[in-house]
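Visitor: File follows, run26.cif with mmCIF, C-alpha atoms:
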data_target
#
loop_
_atom_site.label_atom_id
_atom_site.label_comp_id
_atom_site.auth_asym_id
_atom_site.auth_seq_id
_atom_site.Cartn_x
_atom_site.Cartn_y
_atom_site.Cartn_z
CA ILE A 355 -20.84 -45.32 43.03
CA PHE A 356 -20.07 -44.26 46.58
CA MET A 357 -16.74 -42.52 45.98
CA LYS A 358 -15.48 -39.90 43.52
CA PHE A 359 -11.82 -40.26 42.45
CA ASP A 360 -10.22 -37.04 41.16
CA PRO A 361 -6.69 -37.38 39.72
CA THR A 362 -4.26 -34.60 40.67
CA ILE A 363 -1.40 -33.19 38.60
CA LEU A 364 0.83 -36.04 39.89
CA LYS A 365 0.34 -39.44 38.25
CA GLY A 366 -1.21 -41.97 40.63
CA ASN A 367 -2.18 -39.34 43.24
CA PHE A 368 -5.91 -38.82 43.85
CA LEU A 369 -8.27 -36.77 45.94
CA ILE A 370 -11.19 -38.95 46.92
CA ASN A 371 -14.54 -37.50 47.87
CA LEU A 372 -17.31 -39.44 49.53
CA GLU A 373 -20.73 -39.68 47.95
CA MET A 374 -22.90 -39.14 51.01
CA LYS A 375 -26.40 -40.52 51.36
CA GLU A 376 -28.12 -37.98 53.62
CA ASP A 377 -31.43 -37.82 55.45
CA ASP A 378 -32.78 -36.24 58.64
CA ARG A 379 -30.56 -38.54 60.77
CA GLY A 380 -27.31 -37.43 59.13
CA PHE A 381 -25.45 -39.28 56.39
CA PHE A 382 -23.90 -42.58 55.35
CA ALA A 383 -20.77 -42.87 53.22
CA ARG A 384 -18.07 -45.40 52.43
CA TYR A 385 -14.53 -44.73 53.59
CA PHE A 386 -13.21 -47.59 51.47
CA CYS A 387 -14.64 -49.95 48.86
CA GLU A 388 -12.36 -52.63 47.45
CA LYS A 389 -14.32 -52.85 44.20
CA GLU A 390 -14.21 -49.10 43.55
CA PHE A 391 -10.47 -48.96 44.34
CA VAL A 392 -9.80 -51.93 42.02
CA ASP A 393 -11.84 -50.22 39.27
CA GLN A 394 -9.47 -47.22 39.59
CA GLY A 395 -6.36 -49.45 39.63
CA LEU A 396 -5.57 -48.49 43.24
CA ASN A 397 -4.22 -50.44 46.19
CA THR A 398 -6.64 -52.46 48.30
CA LYS A 399 -4.24 -54.01 50.84
CA TRP A 400 -3.83 -52.10 54.10
CA VAL A 401 -1.60 -53.47 56.89
CA GLN A 402 -1.79 -50.59 59.39
CA ILE A 403 -4.26 -47.89 60.34
CA ASN A 404 -2.62 -44.95 62.08
CA THR A 405 -3.92 -41.83 63.74
CA SER A 406 -2.21 -38.54 64.45
CA ALA A 407 -3.40 -35.66 66.62
CA SER A 408 -1.96 -32.15 66.55
CA LYS A 409 -2.79 -29.97 69.55
CA GLN A 410 -1.74 -26.66 68.07
CA LEU A 411 -2.41 -24.70 64.89
CA GLY A 412 0.67 -24.79 62.67
CA THR A 413 1.96 -28.22 63.69
CA LEU A 414 3.99 -29.71 60.84
CA ARG A 415 4.47 -33.44 60.28
CA GLY A 416 6.60 -34.61 57.39
CA LEU A 417 7.57 -34.82 54.65
CA HIS A 418 8.09 -38.54 55.25
CA TYR A 419 8.59 -41.46 52.88
CA GLN A 420 9.69 -45.10 52.95
CA LYS A 421 12.38 -46.49 50.65
CA GLU A 422 12.12 -49.81 48.82
CA PRO A 423 11.34 -52.54 49.59
CA SER A 424 9.03 -50.82 52.10
CA ALA A 425 7.72 -47.98 49.93
CA GLU A 426 4.18 -47.40 51.11
CA ILE A 427 0.83 -46.19 49.89
CA LYS A 428 -1.30 -44.05 52.21
CA LEU A 429 -4.96 -43.12 52.32
CA VAL A 430 -5.30 -39.99 54.49
CA ARG A 431 -8.45 -38.42 55.95
CA CYS A 432 -8.91 -35.62 58.48
CA LEU A 433 -11.46 -36.61 61.12
CA LYS A 434 -11.34 -33.46 63.26
CA GLY A 435 -10.19 -29.96 62.34
CA ALA A 436 -8.27 -29.30 59.13
CA ILE A 437 -4.88 -29.87 57.52
CA TRP A 438 -3.01 -28.76 54.42
CA ASP A 439 -1.94 -32.16 53.07
CA VAL A 440 1.08 -32.28 50.74
CA VAL A 441 2.71 -34.92 48.57
CA VAL A 442 5.99 -34.72 46.62
CA ASP A 443 6.84 -37.12 43.78
CA LEU A 444 10.20 -38.82 44.49
CA ARG A 445 9.90 -41.49 41.77
CA LYS A 446 13.09 -41.64 39.70
CA ASP A 447 11.43 -42.24 36.33
CA SER A 448 8.43 -39.96 36.80
CA ASP A 449 7.65 -36.98 34.56
CA THR A 450 6.67 -35.09 37.72
CA TYR A 451 9.74 -35.95 39.83
CA GLY A 452 10.27 -33.23 42.45
CA LYS A 453 6.83 -31.69 41.90
CA TRP A 454 4.32 -31.26 44.71
CA PHE A 455 0.56 -31.17 45.19
CA GLY A 456 -1.39 -29.93 48.21
CA ALA A 457 -5.03 -29.84 49.28
CA LYS A 458 -7.09 -28.96 52.32
CA LEU A 459 -8.51 -32.00 54.09
CA SER A 460 -11.01 -31.29 56.84
CA ASP A 461 -13.79 -32.75 58.93
CA GLU A 462 -16.15 -30.58 56.87
CA ASN A 463 -15.12 -31.56 53.31
CA ARG A 464 -14.28 -35.19 54.23
CA THR A 465 -11.88 -35.34 51.28
CA MET A 466 -9.20 -38.04 51.35
CA MET A 467 -5.72 -38.03 49.79
CA TYR A 468 -4.44 -41.19 48.09
CA VAL A 469 -0.63 -41.13 48.31
CA PRO A 470 1.10 -43.55 45.89
CA LYS A 471 4.37 -45.41 46.47
CA GLY A 472 7.42 -43.26 45.90
CA PHE A 473 5.93 -40.06 47.32
CA ALA A 474 6.92 -38.01 50.37
CA HIS A 475 3.92 -37.00 52.47
CA GLY A 476 3.33 -34.37 55.13
CA PHE A 477 0.88 -31.84 56.45
CA VAL A 478 0.43 -28.77 58.59
CA SER A 479 -2.53 -28.37 60.94
CA LEU A 480 -4.82 -25.48 60.02
CA GLN A 481 -6.77 -25.66 63.28
CA PRO A 482 -5.92 -26.61 66.86
CA ASN A 483 -6.87 -30.12 68.03
CA THR A 484 -6.75 -31.64 64.57
CA GLU A 485 -6.82 -35.40 64.12
CA ILE A 486 -6.15 -37.51 61.04
CA LEU A 487 -6.58 -41.20 60.27
CA TYR A 488 -4.55 -42.91 57.59
CA LEU A 489 -4.32 -46.38 56.16
CA VAL A 490 -0.88 -47.69 55.16
CA SER A 491 0.00 -50.49 52.74
CA GLU A 492 3.34 -51.54 54.29
CA PHE A 493 4.61 -52.05 57.81
CA TYR A 494 6.66 -49.15 59.18
CA THR A 495 10.38 -49.83 58.76
CA PRO A 496 12.40 -47.18 60.68
CA ASN A 497 15.71 -47.86 58.92
CA LEU A 498 14.05 -47.29 55.51
CA GLU A 499 12.34 -44.02 56.44
CA GLY A 500 13.43 -40.75 54.91
CA THR A 501 12.46 -37.13 55.46
CA LEU A 502 12.35 -34.47 52.77
CA MET A 503 12.88 -30.95 54.13
CA TRP A 504 9.48 -29.27 54.31
CA SER A 505 11.00 -25.94 53.24
CA ASP A 506 13.27 -27.21 50.44
CA GLU A 507 13.71 -24.35 47.96
CA THR A 508 13.98 -26.71 44.99
CA VAL A 509 10.51 -28.15 45.67
CA ASP A 510 9.13 -24.73 46.78
CA ILE A 511 5.91 -25.85 48.47
CA ASN A 512 3.39 -23.05 48.92
CA TRP A 513 2.31 -23.70 52.53
CA PRO A 514 -0.83 -21.69 53.43
CA ILE A 515 0.57 -20.91 56.90
CA THR A 516 4.08 -20.91 58.31
CA PRO A 517 4.60 -24.02 60.45
CA LYS A 518 5.24 -23.25 64.14
CA ILE A 519 5.67 -26.67 65.77
CA ILE A 520 8.22 -28.90 64.01
CA SER A 521 10.03 -31.97 65.36
CA ASP A 522 13.83 -32.15 65.20
CA LYS A 523 13.56 -34.97 62.66
CA ASP A 524 11.43 -32.81 60.37
CA LYS A 525 13.60 -29.70 60.89
CA ASN A 526 16.62 -31.73 59.76
CA GLY A 527 15.14 -33.37 56.66
CA ASP A 528 17.19 -33.71 53.48
CA SER A 529 16.97 -31.43 50.49
CA LEU A 530 15.65 -32.94 47.26
CA ASN A 531 19.12 -32.92 45.68
CA LYS A 532 20.46 -35.10 48.54
CA ILE A 533 17.71 -37.71 48.28
CA ILE A 534 18.31 -40.72 46.07
CA PRO A 535 15.22 -40.87 43.83
CA ILE A 536 13.00 -43.86 44.55
CA LYS A 537 13.21 -46.64 41.99
CA LEU A 538 10.11 -48.75 42.46
CA LYS A 539 10.26 -52.48 41.95
CA ASN A 540 8.31 -53.72 38.93
CA ASN A 541 7.96 -50.12 37.65
CA GLU A 542 4.97 -49.47 39.96
#
As a first step, turn the structure in this file into structure tokens.
Guide:
Amino acid sequence: IFMKFDPTILKGNFLINLEMKEDDRGFFARYFCEKEFVDQGLNTKWVQINTSASKQLGTLRGLHYQKEPSAEIKLVRCLKGAIWDVVVDLRKDSDTYGKWFGAKLSDENRTMMYVPKGFAHGFVSLQPNTEILYLVSEFYTPNLEGTLMWSDETVDINWPITPKIISDKDKNGDSLNKIIPIKLKNNE
């Protein structure tokens, strides 16, 4: 086993830690293993690999999601610096609808966040010059994108720092009570 899958409080959401093989040269680890993901019942099809760099501490990105039929799964890892990575369950029939989970992802802990379909996702940079890499299961469809307000009082996310740099799109996200809950096809 080269990866450790830890379920969070939200069904289908995982933190994934690498099992590193270390020696005097450094280490080797797998970022992705189709067999291990299949064994966990997780997605193995990725159609895009994206990167995002945040120059300043306190840069917020999100909380973004895609509506059906383009609801997407993400696998997020911080390659440089650190982020507070957050997901919010927007699935209509979920026991944890409207609940959130957050974790620190950094170049030191090398932890990854598996974001299931039907979740909003976002993060705030905890260090300047932070860079993330994330795999996505569906092609980006601008007209099916939504933004949940990062500071929605109903969701009440406990951000470790107050975001300082926020795009207009993210400043003007919708509150949870204005978002139509995501109904996934085939009850995914």
Visitor: Name every residue that the PyMOL selection byres ((chain A and resi 488) around 7) selects in this structure, writing the answer as a ChimeraX atom specification with chains first and numbers rising.
Guide: /A:403-405,428-431,486-487,489-490
Visitor: For Asp510 (chain A), find every residue with an atom within 12 Å (counting all atoms listed in the file), except residues of its own chain fewer than 2 positions away, and show them as an MDAnalysis selection string.
Guide: chainID A and resid 440 442 452:456 502:508 512:513 529:530
Visitor: For the file shown, report as an MDAnalysis selection string the outcome of the PyMOL selection byres ((chain A and resi 493) around 10) at residue level.
Guide: chainID A and resid 400:402 420 424:426 490:492 494:496
Visitor: Could those residues be written to a file, using C-alpha atoms, as a short mmCIF file (atom, residue, chain, number, x, y, z; two decimals), keeping the file's coordinate frame?
Guide:
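Final output, saved to selection-v7.cif:
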data_model
loop_
_atom_site.label_atom_id
_atom_site.label_comp_id
_atom_site.auth_asym_id
_atom_site.auth_seq_id
_atom_site.Cartn_x
_atom_site.Cartn_y
_atom_site.Cartn_z
CA TRP A 400 -3.83 -52.10 54.10
CA VAL A 401 -1.60 -53.47 56.89
CA GLN A 402 -1.79 -50.59 59.39
CA GLN A 420 9.69 -45.10 52.95
CA SER A 424 9.03 -50.82 52.10
CA ALA A 425 7.72 -47.98 49.93
CA GLU A 426 4.18 -47.40 51.11
CA VAL A 490 -0.88 -47.69 55.16
CA SER A 491 0.00 -50.49 52.74
CA GLU A 492 3.34 -51.54 54.29
CA TYR A 494 6.66 -49.15 59.18
CA THR A 495 10.38 -49.83 58.76
CA PRO A 496 12.40 -47.18 60.68
#
Visitor: Under the rule that all atoms listed in the file are counted, which of A:Lys421, A:Thr501, A:Val469, A:Lys434 is the nearest residue to Lys539 (chain A)?
Guide: A:Lys421
Visitor: Step by step, gather every atom of region 488-494 of chain A that the file lists, find the box along x, y and z that holds them, add 3 Å on each side, and finally give centre and edge lengths in Å to one decimal, as AutoDock Vina command-line options.
Guide:
--center_x 1.1 --center_y -47.5 --center_z 56.0 --size_x 17.2 --size_y 15.1 --size_z 12.4
Visitor: Report the distance between CA of Pro517 (chain A) and CA of Trp438 (chain A) in Å, rounded to one decimal place.
Guide: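 Atom-to-atom, CA of Pro517 (chain A) and CA of Trp438 (chain A) are spaced 10.8 Å apart.
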Visitor: Give as a VMD selection string the residues that the PyMOL selection byres ((chain A and resi 355-367) around 7) matches when applied to the coordinates above.
Guide: chain A and resid 368 to 373 383 to 384 450 468 to 470
Visitor: Counting all atoms listed in the file, figure out which residue out of A:Asn483, A:Ile437, A:Val509, A:Ile515 gets nearest to Asn463 (chain A).
Guide: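 For Asn463 (chain A), the nearest of the candidates is A:Ile437.
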Visitor: Provide the CA of Lys523 (chain A) to CA of Gln410 (chain A) distance in Å, to one decimal place.
Guide: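 The value is 18.2 Å.
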Visitor: State, in Å with one decimal place, the distance from CA of Lys537 (chain A) to CA of Phe477 (chain A).
Guide: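 Those two atoms sit 24.1 Å apart.
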Visitor: Taking into account all atoms listed in the file, which residue in the set A:Arg464, A:His418, A:Lys389, A:Lys399 is nearest to Gly435 (chain A)?
Guide: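 Checking each candidate against Gly435 (chain A), we get A:Arg464 as the closest.
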Visitor: Would you please work out which residue, of A:Leu459, A:Lys532, A:Gly472, A:Phe382, is nearest to Lys446 (chain A) when using all atoms listed in the file?
Guide: A:Gly472
